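> Sending over a structure as structure tokens; questions will come in a sec.
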Amino acid sequence: MTLYYSLPELSKIAAQVLTNTTEKVILFHGNMGTGKTTLIKELCKQLGVNDNISSPTYSIVNEYECASGIAYHFDFYRIEDEEEAYAIGFEEYLEQDAWVFIEWPSKIINLIPETHTSITLETIDHQQRKLTIDNHSSGNTTVI
């Protein structure tokens with residue numbers, strides 16, 4: 001699925017993302033400034049997170065309680081290698097029945113589960129974004 005949106009439409013777009021993802025592990029691809037963290041904040045809000053939602057750029061992971069359990073937000077931008085993800089117990093987070101939002105998944109490519117959803121964000125212009133959802137379930141890829 002490919003969607004185009006601007007910031008005032010973010011709530012509607014986040015609802016569509018939650019409706020159209022088949023997996024709770026969601027990878028966010030896109031250049032700096034495309035709105036990955038902004039979208040994740042809105043997703044968390046719609047999942048019922050009441051806490052202050054912020055980027056885990058320095059802490060690597062933030063944990064939030066939501067209506068359906070737990071949501072983890074990872075930002076791997078600052079890690080040097082996959083060993084750092086191992087060191088924080090990344091694989092253990094994946095074993096839980098939780099929402100797992102991952103920014104900069106290219107930094108941990110060998111740790112990504114086969115079953116996940118990928119969201120790619122692109123900047124069209126100063127206000128417009130393009131969002132593409134690809135579901136990867138049990139080795140099958142479905143672009144919706």
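Each chain of the structure tokens is named A, B, ... in the order shown, its residues numbered from 1; ligands are numbered from 1 in display order.
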Give me, as a count of residues only, all polymer residues having an atom no more than 8 Å from A:Ser118, counting only C-alpha atoms and skipping those fewer than 2 positions away in the same chain.

11

> Find the spatial neighbours of A:Lys24, counting only C-alpha atoms, within a cut-off of 9 Å - ignore same-chain residues fewer than 2 positions away - and output them as a PyMOL selection string.

chain A and resi 21-22+26+97-101+116-117

> From a DSSP pass on the backbone, collect the residues of chain A flagged as strand (DSSP E or B) and hand them back as a VMD selection string.

chain A and resid 2 to 5 25 to 29 61 to 66 69 to 75 99 to 103 116 to 123 129 to 137 140 to 143

> Hey, what's within 12 Å of A:Ile70 if we count only C-alpha atoms and toss same-chain stuff fewer than 4 positions away? As a list in words, please?

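What passes the distance filter is Lys24, Cys44, Leu47, Gly48, Val49, Asn50, Asp51, Asn62, Glu63, Tyr64, Glu65, Cys66, Tyr93, Leu94, Gln96, Asp97, Ala98, Trp99, Val100 and Phe101 of chain A.
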
> Report as a ChimeraX atom specification: the residues of chain A with a DSSP assignment of alpha helix (DSSP H), based on the backbone of this structure.

/A:10-20,36-46,82-87,90-94

> Write out as number ranges by chain which residues come within 9 Å of A:Asn31 when counting only C-alpha atoms, dropping same-chain ones fewer than 4 positions away.

A: 35-36, 121-123

> Please determine, counting only C-alpha atoms, which residue among A:Thr38, A:Ile119, A:Asn110, A:Glu103 has the shortest atom-to-atom distance to A:Leu131.

A:Ile119

> Please identify all polymer residues within 12 Å of A:Tyr58, counting only C-alpha atoms, omitting same-chain residues fewer than 6 positions from it, and present them as a list in words.

Phe74, Asp75, Phe76, Tyr77, Arg78 and Ile79 of chain A

> With N, CA, C and O atoms kept, could you save the residues just selected as a short mmCIF file (atom, residue, chain, number, x, y, z; two decimals), in the first residue's frame?


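New file selection06.cif:
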data_model
loop_
_atom_site.label_atom_id
_atom_site.label_comp_id
_atom_site.auth_asym_id
_atom_site.auth_seq_id
_atom_site.Cartn_x
_atom_site.Cartn_y
_atom_site.Cartn_z
N PHE A 74 12.80 1.45 19.11
CA PHE A 74 14.26 1.40 18.97
C PHE A 74 14.72 2.41 17.94
O PHE A 74 14.09 2.57 16.89
N ASP A 75 15.85 3.04 18.22
CA ASP A 75 16.50 3.92 17.25
C ASP A 75 17.97 3.50 17.21
O ASP A 75 18.72 3.77 18.14
N PHE A 76 18.34 2.80 16.15
CA PHE A 76 19.70 2.27 16.03
C PHE A 76 20.65 3.19 15.27
O PHE A 76 21.74 2.76 14.88
N TYR A 77 20.27 4.43 15.08
CA TYR A 77 21.10 5.36 14.30
C TYR A 77 22.52 5.46 14.84
O TYR A 77 23.48 5.50 14.07
N ARG A 78 22.67 5.50 16.14
CA ARG A 78 23.99 5.75 16.75
C ARG A 78 24.82 4.51 17.05
O ARG A 78 25.94 4.64 17.53
N ILE A 79 24.29 3.31 16.81
CA ILE A 79 25.11 2.14 17.13
C ILE A 79 26.18 1.93 16.06
O ILE A 79 26.00 2.29 14.90
#

> If I take atom CA of A:Tyr4 and atom CA of A:Ile112, how far is one from the other in Å, to one decimal?

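Going from atom CA of A:Tyr4 over to atom CA of A:Ile112 covers 26.7 Å.
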
> May I have the residues within 12 Å of A:Lys12 as a PyMOL selection string, using only C-alpha atoms and disregarding those fewer than 5 positions away in the same chain?

chain A and resi 3-7+17-19+39+42-43+46

> Considering only C-alpha atoms, can you say which of A:Thr57, A:Gln16, A:Leu111, A:Ile124 comes closest to A:Gly89?

A:Leu111
